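Participant: So here's protein10.pdb, just PDB, C-alpha atoms and all ligand atoms:
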ATOM      1  CA  MET A   3      16.753 -19.781-113.151  1.00  0.00           C
ATOM      2  CA  SER A   4      17.651 -21.181-109.754  1.00  0.00           C
ATOM      3  CA  VAL A   5      19.783 -19.103-107.410  1.00  0.00           C
ATOM      4  CA  GLU A   6      23.261 -20.304-106.600  1.00  0.00           C
ATOM      5  CA  TYR A   7      24.393 -19.514-103.046  1.00  0.00           C
ATOM      6  CA  VAL A   8      28.022 -19.056-101.992  1.00  0.00           C
ATOM      7  CA  ILE A   9      27.202 -20.737 -98.676  1.00  0.00           C
ATOM      8  CA  THR A  10      24.391 -23.093 -97.688  1.00  0.00           C
ATOM      9  CA  PRO A  11      21.408 -20.920 -96.750  1.00  0.00           C
ATOM     10  CA  ALA A  12      19.861 -21.351 -93.308  1.00  0.00           C
ATOM     11  CA  SER A  13      16.553 -23.162 -93.316  1.00  0.00           C
ATOM     12  CA  ARG A  14      13.389 -21.088 -93.086  1.00  0.00           C
ATOM     13  CA  ALA A  15      11.510 -20.979 -89.792  1.00  0.00           C
ATOM     14  CA  THR A  16       8.232 -22.887 -89.924  1.00  0.00           C
ATOM     15  CA  LEU A  17       5.335 -23.683 -87.613  1.00  0.00           C
ATOM     16  CA  PRO A  18       3.178 -26.792 -87.662  1.00  0.00           C
ATOM     17  CA  VAL A  19      -0.488 -26.478 -88.627  1.00  0.00           C
ATOM     18  CA  VAL A  20      -3.285 -28.478 -87.031  1.00  0.00           C
ATOM     19  CA  GLY A  21      -4.846 -31.024 -89.381  1.00  0.00           C
ATOM     20  CA  THR A  22      -2.112 -31.170 -92.018  1.00  0.00           C
ATOM     21  CA  GLU A  23       1.470 -32.291 -92.504  1.00  0.00           C
ATOM     22  CA  ALA A  24       2.151 -29.049 -94.384  1.00  0.00           C
ATOM     23  CA  VAL A  25       3.869 -26.327 -92.338  1.00  0.00           C
ATOM     24  CA  PHE A  26       3.497 -22.548 -92.137  1.00  0.00           C
ATOM     25  CA  PRO A  27       6.567 -20.632 -93.411  1.00  0.00           C
ATOM     26  CA  VAL A  28       7.407 -17.701 -91.123  1.00  0.00           C
ATOM     27  CA  ARG A  29       8.663 -14.447 -92.627  1.00  0.00           C
ATOM     28  CA  ARG A  30       8.690 -11.921 -89.760  1.00  0.00           C
ATOM     29  CA  ALA A  31       7.641 -12.018 -86.118  1.00  0.00           C
ATOM     30  CA  TYR A  32       6.146  -8.781 -84.818  1.00  0.00           C
ATOM     31  CA  CYS A  33       5.287  -8.283 -81.150  1.00  0.00           C
ATOM     32  CA  ILE A  34       3.064  -5.639 -79.596  1.00  0.00           C
ATOM     33  CA  GLY A  35       4.075  -4.165 -76.240  1.00  0.00           C
ATOM     34  CA  ARG A  36       1.705  -3.537 -73.346  1.00  0.00           C
ATOM     35  CA  ASN A  37      -1.589  -4.691 -74.834  1.00  0.00           C
ATOM     36  CA  TYR A  38      -3.431  -5.714 -71.675  1.00  0.00           C
ATOM     37  CA  ALA A  39      -4.283  -2.971 -69.180  1.00  0.00           C
ATOM     38  CA  ALA A  40      -3.165  -4.827 -66.041  1.00  0.00           C
ATOM     39  CA  HIS A  41       0.174  -5.793 -67.639  1.00  0.00           C
ATOM     40  CA  THR A  42       0.686  -2.204 -68.807  1.00  0.00           C
ATOM     41  CA  ARG A  43       0.283  -1.069 -65.204  1.00  0.00           C
ATOM     42  CA  GLU A  44       2.669  -3.750 -63.873  1.00  0.00           C
ATOM     43  CA  MET A  45       5.315  -2.491 -66.351  1.00  0.00           C
ATOM     44  CA  GLY A  46       4.840   1.084 -65.138  1.00  0.00           C
ATOM     45  CA  GLY A  47       2.729   2.378 -68.036  1.00  0.00           C
ATOM     46  CA  ASP A  48      -0.638   4.074 -68.387  1.00  0.00           C
ATOM     47  CA  PRO A  49      -3.122   1.895 -70.315  1.00  0.00           C
ATOM     48  CA  THR A  50      -5.479   4.772 -71.047  1.00  0.00           C
ATOM     49  CA  ARG A  51      -3.137   7.026 -72.963  1.00  0.00           C
ATOM     50  CA  GLU A  52      -0.342   5.109 -74.636  1.00  0.00           C
ATOM     51  CA  PRO A  53      -0.618   4.325 -78.357  1.00  0.00           C
ATOM     52  CA  PRO A  54       0.560   0.818 -79.290  1.00  0.00           C
ATOM     53  CA  PHE A  55       4.185   0.102 -80.089  1.00  0.00           C
ATOM     54  CA  PHE A  56       5.767  -2.891 -81.761  1.00  0.00           C
ATOM     55  CA  PHE A  57       9.130  -4.606 -81.868  1.00  0.00           C
ATOM     56  CA  GLN A  58      10.377  -7.684 -83.718  1.00  0.00           C
ATOM     57  CA  LYS A  59      11.853 -11.010 -82.844  1.00  0.00           C
ATOM     58  CA  SER A  60      13.943 -12.714 -85.497  1.00  0.00           C
ATOM     59  CA  ALA A  61      11.826 -15.340 -87.250  1.00  0.00           C
ATOM     60  CA  ASP A  62      14.415 -17.986 -86.392  1.00  0.00           C
ATOM     61  CA  CYS A  63      13.736 -17.346 -82.671  1.00  0.00           C
ATOM     62  CA  LEU A  64      10.469 -19.222 -82.986  1.00  0.00           C
ATOM     63  CA  GLN A  65      10.591 -22.640 -81.340  1.00  0.00           C
ATOM     64  CA  PRO A  66       7.919 -24.970 -82.796  1.00  0.00           C
ATOM     65  CA  VAL A  67       6.251 -26.929 -79.999  1.00  0.00           C
ATOM     66  CA  PRO A  68       4.103 -29.936 -80.920  1.00  0.00           C
ATOM     67  CA  THR A  69       0.958 -30.698 -78.922  1.00  0.00           C
ATOM     68  CA  GLY A  70       0.892 -33.499 -76.381  1.00  0.00           C
ATOM     69  CA  VAL A  71       4.563 -33.528 -75.423  1.00  0.00           C
ATOM     70  CA  THR A  72       6.732 -31.460 -73.083  1.00  0.00           C
ATOM     71  CA  VAL A  73       9.493 -29.878 -75.118  1.00  0.00           C
ATOM     72  CA  HIS A  74      12.839 -28.845 -73.636  1.00  0.00           C
ATOM     73  CA  HIS A  75      13.451 -25.088 -73.692  1.00  0.00           C
ATOM     74  CA  PRO A  76      17.057 -24.068 -73.060  1.00  0.00           C
ATOM     75  CA  TYR A  77      17.634 -21.297 -70.511  1.00  0.00           C
ATOM     76  CA  PRO A  78      19.487 -18.587 -72.454  1.00  0.00           C
ATOM     77  CA  THR A  79      22.860 -17.033 -71.692  1.00  0.00           C
ATOM     78  CA  LEU A  80      23.497 -13.635 -70.053  1.00  0.00           C
ATOM     79  CA  THR A  81      20.324 -13.501 -67.930  1.00  0.00           C
ATOM     80  CA  HIS A  82      19.312 -14.123 -64.334  1.00  0.00           C
ATOM     81  CA  ASN A  83      15.719 -13.004 -64.861  1.00  0.00           C
ATOM     82  CA  TYR A  84      14.140 -14.904 -67.756  1.00  0.00           C
ATOM     83  CA  HIS A  85      10.406 -14.180 -67.956  1.00  0.00           C
ATOM     84  CA  HIS A  86       7.399 -15.913 -69.490  1.00  0.00           C
ATOM     85  CA  GLU A  87       4.896 -13.805 -71.438  1.00  0.00           C
ATOM     86  CA  ILE A  88       2.067 -15.912 -72.803  1.00  0.00           C
ATOM     87  CA  GLU A  89       0.562 -14.450 -75.974  1.00  0.00           C
ATOM     88  CA  MET A  90      -1.839 -15.405 -78.719  1.00  0.00           C
ATOM     89  CA  VAL A  91       0.052 -15.545 -82.008  1.00  0.00           C
ATOM     90  CA  VAL A  92      -1.690 -14.392 -85.189  1.00  0.00           C
ATOM     91  CA  ALA A  93      -0.429 -15.917 -88.467  1.00  0.00           C
ATOM     92  CA  LEU A  94      -1.034 -13.995 -91.699  1.00  0.00           C
ATOM     93  CA  LYS A  95      -1.781 -15.608 -95.065  1.00  0.00           C
ATOM     94  CA  SER A  96      -1.550 -12.321 -96.954  1.00  0.00           C
ATOM     95  CA  GLY A  97      -0.607  -8.723 -96.302  1.00  0.00           C
ATOM     96  CA  GLY A  98      -0.296  -5.275 -97.741  1.00  0.00           C
ATOM     97  CA  MET A  99       0.002  -1.693 -96.551  1.00  0.00           C
ATOM     98  CA  HIS A 100      -2.632   0.612 -95.077  1.00  0.00           C
ATOM     99  CA  ILE A 101      -5.012  -2.257 -94.364  1.00  0.00           C
ATOM    100  CA  PRO A 102      -8.315  -0.927 -92.997  1.00  0.00           C
ATOM    101  CA  VAL A 103      -9.425  -2.367 -89.652  1.00  0.00           C
ATOM    102  CA  GLU A 104     -12.580  -3.833 -91.169  1.00  0.00           C
ATOM    103  CA  LYS A 105     -10.542  -5.786 -93.770  1.00  0.00           C
ATOM    104  CA  ALA A 106      -7.711  -6.801 -91.444  1.00  0.00           C
ATOM    105  CA  LEU A 107      -9.012 -10.193 -90.308  1.00  0.00           C
ATOM    106  CA  ASP A 108      -9.302 -11.312 -93.969  1.00  0.00           C
ATOM    107  CA  HIS A 109      -5.496 -11.610 -93.865  1.00  0.00           C
ATOM    108  CA  VAL A 110      -5.391 -14.019 -90.920  1.00  0.00           C
ATOM    109  CA  PHE A 111      -4.542 -17.652 -91.656  1.00  0.00           C
ATOM    110  CA  GLY A 112      -4.858 -18.854 -88.072  1.00  0.00           C
ATOM    111  CA  TYR A 113      -3.988 -18.568 -84.409  1.00  0.00           C
ATOM    112  CA  ALA A 114      -1.526 -20.279 -82.088  1.00  0.00           C
ATOM    113  CA  ILE A 115      -0.321 -20.258 -78.508  1.00  0.00           C
ATOM    114  CA  GLY A 116       2.979 -18.440 -78.102  1.00  0.00           C
ATOM    115  CA  LEU A 117       5.480 -17.309 -75.506  1.00  0.00           C
ATOM    116  CA  ASP A 118       7.378 -14.044 -75.815  1.00  0.00           C
ATOM    117  CA  MET A 119      10.231 -15.206 -73.586  1.00  0.00           C
ATOM    118  CA  THR A 120      12.177 -12.216 -72.308  1.00  0.00           C
ATOM    119  CA  ARG A 121      15.583 -11.684 -70.706  1.00  0.00           C
ATOM    120  CA  ARG A 122      13.976  -9.077 -68.447  1.00  0.00           C
ATOM    121  CA  ASP A 123      17.221  -7.902 -66.863  1.00  0.00           C
ATOM    122  CA  LEU A 124      18.692  -7.146 -70.297  1.00  0.00           C
ATOM    123  CA  GLN A 125      15.462  -5.478 -71.432  1.00  0.00           C
ATOM    124  CA  ASP A 126      15.378  -3.310 -68.281  1.00  0.00           C
ATOM    125  CA  GLU A 127      19.016  -2.314 -68.803  1.00  0.00           C
ATOM    126  CA  ALA A 128      18.312  -1.457 -72.455  1.00  0.00           C
ATOM    127  CA  LYS A 129      15.340   0.688 -71.431  1.00  0.00           C
ATOM    128  CA  GLN A 130      17.452   2.532 -68.847  1.00  0.00           C
ATOM    129  CA  LEU A 131      20.265   3.154 -71.308  1.00  0.00           C
ATOM    130  CA  ARG A 132      17.841   4.013 -74.146  1.00  0.00           C
ATOM    131  CA  ARG A 133      19.196   1.162 -76.218  1.00  0.00           C
ATOM    132  CA  PRO A 134      17.316  -1.296 -78.481  1.00  0.00           C
ATOM    133  CA  TRP A 135      15.511  -4.240 -76.863  1.00  0.00           C
ATOM    134  CA  ASP A 136      16.924  -6.992 -79.085  1.00  0.00           C
ATOM    135  CA  SER A 137      19.153  -8.549 -76.444  1.00  0.00           C
ATOM    136  CA  GLY A 138      16.168  -8.860 -74.115  1.00  0.00           C
ATOM    137  CA  LYS A 139      13.564  -9.960 -76.618  1.00  0.00           C
ATOM    138  CA  SER A 140      15.280 -11.784 -79.449  1.00  0.00           C
ATOM    139  CA  SER A 141      17.414 -14.423 -77.778  1.00  0.00           C
ATOM    140  CA  ASP A 142      17.653 -17.795 -79.507  1.00  0.00           C
ATOM    141  CA  LEU A 143      14.425 -19.840 -79.231  1.00  0.00           C
ATOM    142  CA  SER A 144      12.717 -17.010 -77.322  1.00  0.00           C
ATOM    143  CA  GLY A 145       9.461 -17.506 -79.216  1.00  0.00           C
ATOM    144  CA  PRO A 146       8.010 -20.945 -78.499  1.00  0.00           C
ATOM    145  CA  CYS A 147       4.841 -21.504 -80.572  1.00  0.00           C
ATOM    146  CA  GLY A 148       2.286 -24.256 -80.651  1.00  0.00           C
ATOM    147  CA  PRO A 149       0.660 -25.471 -83.868  1.00  0.00           C
ATOM    148  CA  ILE A 150      -1.405 -22.965 -85.835  1.00  0.00           C
ATOM    149  CA  HIS A 151      -5.160 -23.526 -85.748  1.00  0.00           C
ATOM    150  CA  PRO A 152      -6.555 -22.340 -89.107  1.00  0.00           C
ATOM    151  CA  VAL A 153      -9.423 -19.853 -89.104  1.00  0.00           C
ATOM    152  CA  SER A 154     -11.336 -22.431 -91.147  1.00  0.00           C
ATOM    153  CA  GLN A 155     -11.399 -24.607 -88.005  1.00  0.00           C
ATOM    154  CA  VAL A 156     -11.580 -22.205 -85.057  1.00  0.00           C
ATOM    155  CA  GLY A 157     -12.875 -18.968 -86.574  1.00  0.00           C
ATOM    156  CA  HIS A 158     -11.549 -15.644 -85.284  1.00  0.00           C
ATOM    157  CA  LEU A 159     -10.797 -15.536 -81.592  1.00  0.00           C
ATOM    158  CA  ALA A 160     -12.128 -12.423 -79.868  1.00  0.00           C
ATOM    159  CA  LYS A 161     -12.567 -13.890 -76.393  1.00  0.00           C
ATOM    160  CA  GLY A 162     -11.446 -16.862 -74.358  1.00  0.00           C
ATOM    161  CA  PHE A 163      -9.068 -17.545 -71.479  1.00  0.00           C
ATOM    162  CA  ILE A 164      -5.308 -17.213 -71.843  1.00  0.00           C
ATOM    163  CA  ARG A 165      -3.108 -18.516 -69.053  1.00  0.00           C
ATOM    164  CA  VAL A 166       0.238 -20.010 -68.144  1.00  0.00           C
ATOM    165  CA  SER A 167       1.111 -22.038 -65.099  1.00  0.00           C
ATOM    166  CA  VAL A 168       4.588 -22.846 -63.839  1.00  0.00           C
ATOM    167  CA  ASP A 169       4.939 -26.200 -62.062  1.00  0.00           C
ATOM    168  CA  GLY A 170       1.174 -26.320 -61.674  1.00  0.00           C
ATOM    169  CA  ILE A 171       0.747 -22.819 -60.222  1.00  0.00           C
ATOM    170  CA  VAL A 172      -1.163 -20.340 -62.388  1.00  0.00           C
ATOM    171  CA  LYS A 173       1.043 -17.283 -62.994  1.00  0.00           C
ATOM    172  CA  GLN A 174      -0.721 -15.407 -65.795  1.00  0.00           C
ATOM    173  CA  LYS A 175      -4.444 -15.509 -66.345  1.00  0.00           C
ATOM    174  CA  GLY A 176      -6.478 -13.247 -68.588  1.00  0.00           C
ATOM    175  CA  ASP A 177      -8.963 -13.156 -71.435  1.00  0.00           C
ATOM    176  CA  ILE A 178      -8.306 -12.405 -75.090  1.00  0.00           C
ATOM    177  CA  SER A 179     -11.168  -9.881 -74.902  1.00  0.00           C
ATOM    178  CA  ASP A 180      -9.052  -7.790 -72.495  1.00  0.00           C
ATOM    179  CA  MET A 181      -6.670  -6.710 -75.272  1.00  0.00           C
ATOM    180  CA  ILE A 182      -6.390  -2.919 -75.490  1.00  0.00           C
ATOM    181  CA  TRP A 183      -5.803  -3.107 -79.269  1.00  0.00           C
ATOM    182  CA  SER A 184      -7.708  -5.875 -81.059  1.00  0.00           C
ATOM    183  CA  VAL A 185      -6.052  -8.219 -83.538  1.00  0.00           C
ATOM    184  CA  ALA A 186      -7.691  -6.317 -86.412  1.00  0.00           C
ATOM    185  CA  GLU A 187      -6.418  -2.987 -85.052  1.00  0.00           C
ATOM    186  CA  GLN A 188      -2.912  -4.402 -84.601  1.00  0.00           C
ATOM    187  CA  ILE A 189      -2.791  -5.590 -88.213  1.00  0.00           C
ATOM    188  CA  SER A 190      -4.117  -2.268 -89.465  1.00  0.00           C
ATOM    189  CA  ILE A 191      -1.697  -0.189 -87.370  1.00  0.00           C
ATOM    190  CA  LEU A 192       1.311  -2.403 -88.225  1.00  0.00           C
ATOM    191  CA  SER A 193       0.466  -2.061 -91.915  1.00  0.00           C
ATOM    192  CA  GLN A 194       0.912   1.703 -91.645  1.00  0.00           C
ATOM    193  CA  ALA A 195       4.563   1.102 -90.771  1.00  0.00           C
ATOM    194  CA  TYR A 196       5.452  -2.046 -92.727  1.00  0.00           C
ATOM    195  CA  HIS A 197       4.411  -3.904 -95.838  1.00  0.00           C
ATOM    196  CA  LEU A 198       2.925  -6.976 -94.203  1.00  0.00           C
ATOM    197  CA  GLU A 199       3.262 -10.241 -96.086  1.00  0.00           C
ATOM    198  CA  ALA A 200       2.080 -13.820 -96.025  1.00  0.00           C
ATOM    199  CA  GLY A 201       4.084 -15.631 -93.370  1.00  0.00           C
ATOM    200  CA  ASP A 202       4.219 -12.729 -90.935  1.00  0.00           C
ATOM    201  CA  VAL A 203       3.166 -13.534 -87.382  1.00  0.00           C
ATOM    202  CA  ILE A 204       2.115 -11.164 -84.631  1.00  0.00           C
ATOM    203  CA  PHE A 205       2.536 -11.816 -80.914  1.00  0.00           C
ATOM    204  CA  SER A 206      -0.559 -10.010 -79.677  1.00  0.00           C
ATOM    205  CA  GLY A 207       0.448  -9.092 -76.144  1.00  0.00           C
ATOM    206  CA  THR A 208       0.480 -10.637 -72.691  1.00  0.00           C
ATOM    207  CA  PRO A 209      -1.764 -10.344 -69.633  1.00  0.00           C
ATOM    208  CA  ASP A 210      -0.332  -9.372 -66.241  1.00  0.00           C
ATOM    209  CA  GLY A 211       1.592 -11.766 -64.032  1.00  0.00           C
ATOM    210  CA  VAL A 212       4.795 -12.032 -66.052  1.00  0.00           C
ATOM    211  CA  GLY A 213       7.592 -13.534 -64.022  1.00  0.00           C
ATOM    212  CA  PRO A 214      10.794 -15.558 -63.994  1.00  0.00           C
ATOM    213  CA  VAL A 215      11.346 -19.228 -64.665  1.00  0.00           C
ATOM    214  CA  THR A 216      14.365 -21.280 -63.709  1.00  0.00           C
ATOM    215  CA  ARG A 217      15.904 -24.490 -65.011  1.00  0.00           C
ATOM    216  CA  GLY A 218      13.817 -27.536 -64.149  1.00  0.00           C
ATOM    217  CA  GLN A 219      10.489 -25.712 -64.165  1.00  0.00           C
ATOM    218  CA  THR A 220       7.676 -26.617 -66.571  1.00  0.00           C
ATOM    219  CA  MET A 221       5.454 -24.008 -68.225  1.00  0.00           C
ATOM    220  CA  LEU A 222       1.979 -25.109 -69.268  1.00  0.00           C
ATOM    221  CA  CYS A 223       0.425 -22.586 -71.656  1.00  0.00           C
ATOM    222  CA  GLU A 224      -3.269 -22.604 -72.542  1.00  0.00           C
ATOM    223  CA  ILE A 225      -5.541 -20.501 -74.730  1.00  0.00           C
ATOM    224  CA  GLU A 226      -9.213 -21.384 -75.107  1.00  0.00           C
ATOM    225  CA  HIS A 227      -9.877 -23.142 -78.458  1.00  0.00           C
ATOM    226  CA  LEU A 228      -6.113 -23.481 -79.121  1.00  0.00           C
ATOM    227  CA  GLY A 229      -5.250 -26.356 -76.793  1.00  0.00           C
ATOM    228  CA  GLU A 230      -2.096 -26.320 -74.711  1.00  0.00           C
ATOM    229  CA  MET A 231       1.666 -26.122 -75.021  1.00  0.00           C
ATOM    230  CA  SER A 232       4.147 -27.494 -72.501  1.00  0.00           C
ATOM    231  CA  LEU A 233       7.838 -26.635 -72.097  1.00  0.00           C
ATOM    232  CA  LYS A 234      10.441 -27.640 -69.534  1.00  0.00           C
ATOM    233  CA  VAL A 235      13.216 -25.128 -68.966  1.00  0.00           C
ATOM    234  CA  VAL A 236      16.585 -26.878 -69.105  1.00  0.00           C
TER     235      VAL A 236
HETATM  236 MN    MN B 301       5.289  -9.575 -75.072  1.00  0.00          MN
END
Render the structure in this file as C-alpha cells.
Ligand code: MN
Facilitator:
Amino acid sequence: MSVEYVITPASRATLPVVGTEAVFPVRRAYCIGRNYAAHTREMGGDPTREPPFFFQKSADCLQPVPTGVTVHHPYPTLTHNYHHEIEMVVALKSGGMHIPVEKALDHVFGYAIGLDMTRRDLQDEAKQLRRPWDSGKSSDLSGPCGPIHPVSQVGHLAKGFIRVSVDGIVKQKGDISDMIWSVAEQISILSQAYHLEAGDVIFSGTPDGVGPVTRGQTMLCEIEHLGEMSLKVV
C-alpha cells in the first residue's frame, strides 16, 4: 500500500557514482572531529589522548559536485569566517550495530572527495557557550561531495594525498594514512552509538591548514585515486 502524504515530501539527497547513471541515496551524514594529529593541535586539542567524537550534518546539506566543472557554492548567511575542511567521504552499502573493526570495511560501498564547510565563528561561539555545533556545521549546502568511486573500482583507500588549494595556493595537504582513527575504526566506533544503515556517509576528518574562503575564490579539492572537485564561492 503506497503512503499518502499530506504535503509533498522533500526529495532525498543523492550523490553521483562513477561509471553509472544510478545515484547513491544518502540517509545520514556523520562527521568525525579532529582525526589528523596536526589538525587536532591547530584546534587546541591533544592528539595522543582524545577518543574520537562525531557529529552529524543533515543529509540535505550535501551538495553533489560533478567532475570536470566548477560548481558555484553559495557563501552562507550569518558568518564572516567560513572555513574549508577537505575530507575523504566514506559511503556505506550496509550497516548494523557493534560492527567489529575487522568486518567494518565490508560495509563500504565507495569513497568520495568531500568538504566539511564550517561557519567557524558560529562553531567557536557554540563551543564557548557549550551549545550544539549545528549552526556552525550544518548550514545549507555545507557538505559538497564529488562522485562516489565504488570499492570495486578503487579498492579501499588507506593512503594517498589529500589536499585543497584556494585560487591555486595549497592550503591543506596531508595523507589519508595520517588519520588517527582509520575508516574501519570509525565505522566500528560509530556502530556502538548508532544503528548504521545503507546510505550513511562518514566524513573522515580533515588535515591541518583549515582556513577561510571568501566570495569569488575557487577551491580545488584533490584526493589520490578519487580525482578532483572544484567549487567557486559565490
Ligand atoms: Mn571536519
Participant: Find the nearest atom pair between each residue of chain A and ligand MN 301 (chain B) for residues within 12 Å, count all atoms listed in the file, give distances in Å to one decimal, sort rows by chain and ascending number, and present the table as JSON lines.
Facilitator:
{"residue": "A:Ala31", "atom": "CA", "partner": "B:MN301", "partner_atom": "MN", "distance": 11.6}
{"residue": "A:Tyr32", "atom": "CA", "partner": "B:MN301", "partner_atom": "MN", "distance": 9.8}
{"residue": "A:Cys33", "atom": "CA", "partner": "B:MN301", "partner_atom": "MN", "distance": 6.2}
{"residue": "A:Ile34", "atom": "CA", "partner": "B:MN301", "partner_atom": "MN", "distance": 6.4}
{"residue": "A:Gly35", "atom": "CA", "partner": "B:MN301", "partner_atom": "MN", "distance": 5.7}
{"residue": "A:Arg36", "atom": "CA", "partner": "B:MN301", "partner_atom": "MN", "distance": 7.2}
{"residue": "A:Asn37", "atom": "CA", "partner": "B:MN301", "partner_atom": "MN", "distance": 8.4}
{"residue": "A:Tyr38", "atom": "CA", "partner": "B:MN301", "partner_atom": "MN", "distance": 10.1}
{"residue": "A:His41", "atom": "CA", "partner": "B:MN301", "partner_atom": "MN", "distance": 9.8}
{"residue": "A:Thr42", "atom": "CA", "partner": "B:MN301", "partner_atom": "MN", "distance": 10.7}
{"residue": "A:Met45", "atom": "CA", "partner": "B:MN301", "partner_atom": "MN", "distance": 11.2}
{"residue": "A:Phe55", "atom": "CA", "partner": "B:MN301", "partner_atom": "MN", "distance": 11.0}
{"residue": "A:Phe56", "atom": "CA", "partner": "B:MN301", "partner_atom": "MN", "distance": 9.5}
{"residue": "A:Phe57", "atom": "CA", "partner": "B:MN301", "partner_atom": "MN", "distance": 9.3}
{"residue": "A:Gln58", "atom": "CA", "partner": "B:MN301", "partner_atom": "MN", "distance": 10.2}
{"residue": "A:Lys59", "atom": "CA", "partner": "B:MN301", "partner_atom": "MN", "distance": 10.3}
{"residue": "A:His85", "atom": "CA", "partner": "B:MN301", "partner_atom": "MN", "distance": 9.9}
{"residue": "A:His86", "atom": "CA", "partner": "B:MN301", "partner_atom": "MN", "distance": 8.7}
{"residue": "A:Glu87", "atom": "CA", "partner": "B:MN301", "partner_atom": "MN", "distance": 5.6}
{"residue": "A:Ile88", "atom": "CA", "partner": "B:MN301", "partner_atom": "MN", "distance": 7.5}
{"residue": "A:Glu89", "atom": "CA", "partner": "B:MN301", "partner_atom": "MN", "distance": 6.9}
{"residue": "A:Met90", "atom": "CA", "partner": "B:MN301", "partner_atom": "MN", "distance": 9.9}
{"residue": "A:Val91", "atom": "CA", "partner": "B:MN301", "partner_atom": "MN", "distance": 10.5}
{"residue": "A:Gly116", "atom": "CA", "partner": "B:MN301", "partner_atom": "MN", "distance": 9.6}
{"residue": "A:Leu117", "atom": "CA", "partner": "B:MN301", "partner_atom": "MN", "distance": 7.7}
{"residue": "A:Asp118", "atom": "CA", "partner": "B:MN301", "partner_atom": "MN", "distance": 5.0}
{"residue": "A:Met119", "atom": "CA", "partner": "B:MN301", "partner_atom": "MN", "distance": 7.6}
{"residue": "A:Thr120", "atom": "CA", "partner": "B:MN301", "partner_atom": "MN", "distance": 7.9}
{"residue": "A:Arg121", "atom": "CA", "partner": "B:MN301", "partner_atom": "MN", "distance": 11.4}
{"residue": "A:Arg122", "atom": "CA", "partner": "B:MN301", "partner_atom": "MN", "distance": 10.9}
{"residue": "A:Gln125", "atom": "CA", "partner": "B:MN301", "partner_atom": "MN", "distance": 11.6}
{"residue": "A:Trp135", "atom": "CA", "partner": "B:MN301", "partner_atom": "MN", "distance": 11.7}
{"residue": "A:Gly138", "atom": "CA", "partner": "B:MN301", "partner_atom": "MN", "distance": 10.9}
{"residue": "A:Lys139", "atom": "CA", "partner": "B:MN301", "partner_atom": "MN", "distance": 8.4}
{"residue": "A:Ser140", "atom": "CA", "partner": "B:MN301", "partner_atom": "MN", "distance": 11.1}
{"residue": "A:Ser144", "atom": "CA", "partner": "B:MN301", "partner_atom": "MN", "distance": 10.7}
{"residue": "A:Gly145", "atom": "CA", "partner": "B:MN301", "partner_atom": "MN", "distance": 9.9}
{"residue": "A:Ile204", "atom": "CA", "partner": "B:MN301", "partner_atom": "MN", "distance": 10.2}
{"residue": "A:Phe205", "atom": "CA", "partner": "B:MN301", "partner_atom": "MN", "distance": 6.8}
{"residue": "A:Ser206", "atom": "CA", "partner": "B:MN301", "partner_atom": "MN", "distance": 7.5}
{"residue": "A:Gly207", "atom": "CA", "partner": "B:MN301", "partner_atom": "MN", "distance": 5.0}
{"residue": "A:Thr208", "atom": "CA", "partner": "B:MN301", "partner_atom": "MN", "distance": 5.5}
{"residue": "A:Pro209", "atom": "CA", "partner": "B:MN301", "partner_atom": "MN", "distance": 8.9}
{"residue": "A:Asp210", "atom": "CA", "partner": "B:MN301", "partner_atom": "MN", "distance": 10.5}
{"residue": "A:Gly211", "atom": "CA", "partner": "B:MN301", "partner_atom": "MN", "distance": 11.8}
{"residue": "A:Val212", "atom": "CA", "partner": "B:MN301", "partner_atom": "MN", "distance": 9.4}
{"residue": "A:Gly213", "atom": "CA", "partner": "B:MN301", "partner_atom": "MN", "distance": 12.0}
Participant: One number please: CA of Leu159 (chain A) to CA of His74 (chain A), in Å, one decimal.
Facilitator: 28.3 Å
Participant: Any idea what the distance is between CA of Lys95 (chain A) and CA of Gly201 (chain A)?
Facilitator: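 Separating CA of Lys95 (chain A) from CA of Gly201 (chain A) is a distance of 6.1 Å.
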Participant: Just give me the gap between CA of Gln174 (chain A) and CA of Ile191 (chain A) in Å, one decimal is fine.
Facilitator: 26.4 Å
Participant: I'd like the residues picked by the PyMOL selection byres (((chain A and resi 23-25) around 12) and not hetatm) written out as a PyMOL selection string, using the chain letters and numbers from the file.
Facilitator: chain A and resi 14-22+26-28+66+68+93+148-152+201
Participant: Using all atoms listed in the file, which of the listed residues (A:Leu80, A:Leu107, A:Cys223, A:Val168) sits closest to Leu124 (chain A)?
Facilitator: A:Leu80
Participant: Evaluated on this file, the PyMOL selection byres (((chain A and resi 69) around 9) and not hetatm) picks out some residues - which ones are they, written as a list in words?
Facilitator: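 Taken on the displayed file, the PyMOL selection byres (((chain A and resi 69) around 9) and not hetatm) yields the residues Val67, Pro68, Gly70, Val71, Thr72, Gly148, Pro149, Gly229, Glu230, Met231 and Ser232 of chain A.
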Participant: Written as a PyMOL selection string, what is the full residue list that the PyMOL selection byres (((chain A and resi 225) around 7) and not hetatm) yields on the file shown?
Facilitator: chain A and resi 115+162-165+224+226-230
Participant: Rebuild region 127-131 of chain A so that it carries N, CA, C and O atoms, then output the result as a tab-separated table (two decimals), in the frame of the given file.
Facilitator:
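As a result, part_35.tsv now contains:
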chain	number	residue	atom	x	y	z
A	127	GLU	N	17.78	-3.07	-68.61
A	127	GLU	CA	19.02	-2.31	-68.80
A	127	GLU	C	18.95	-1.50	-70.10
A	127	GLU	O	19.32	-0.33	-70.14
A	128	ALA	N	18.43	-2.15	-71.16
A	128	ALA	CA	18.31	-1.46	-72.46
A	128	ALA	C	17.39	-0.25	-72.34
A	128	ALA	O	17.66	0.82	-72.88
A	129	LYS	N	16.27	-0.43	-71.62
A	129	LYS	CA	15.34	0.69	-71.43
A	129	LYS	C	16.04	1.84	-70.72
A	129	LYS	O	15.93	3.00	-71.14
A	130	GLN	N	16.76	1.50	-69.64
A	130	GLN	CA	17.45	2.53	-68.85
A	130	GLN	C	18.47	3.29	-69.67
A	130	GLN	O	18.60	4.50	-69.56
A	131	LEU	N	19.18	2.54	-70.52
A	131	LEU	CA	20.26	3.15	-71.31
A	131	LEU	C	19.77	3.67	-72.65
A	131	LEU	O	20.56	4.12	-73.47
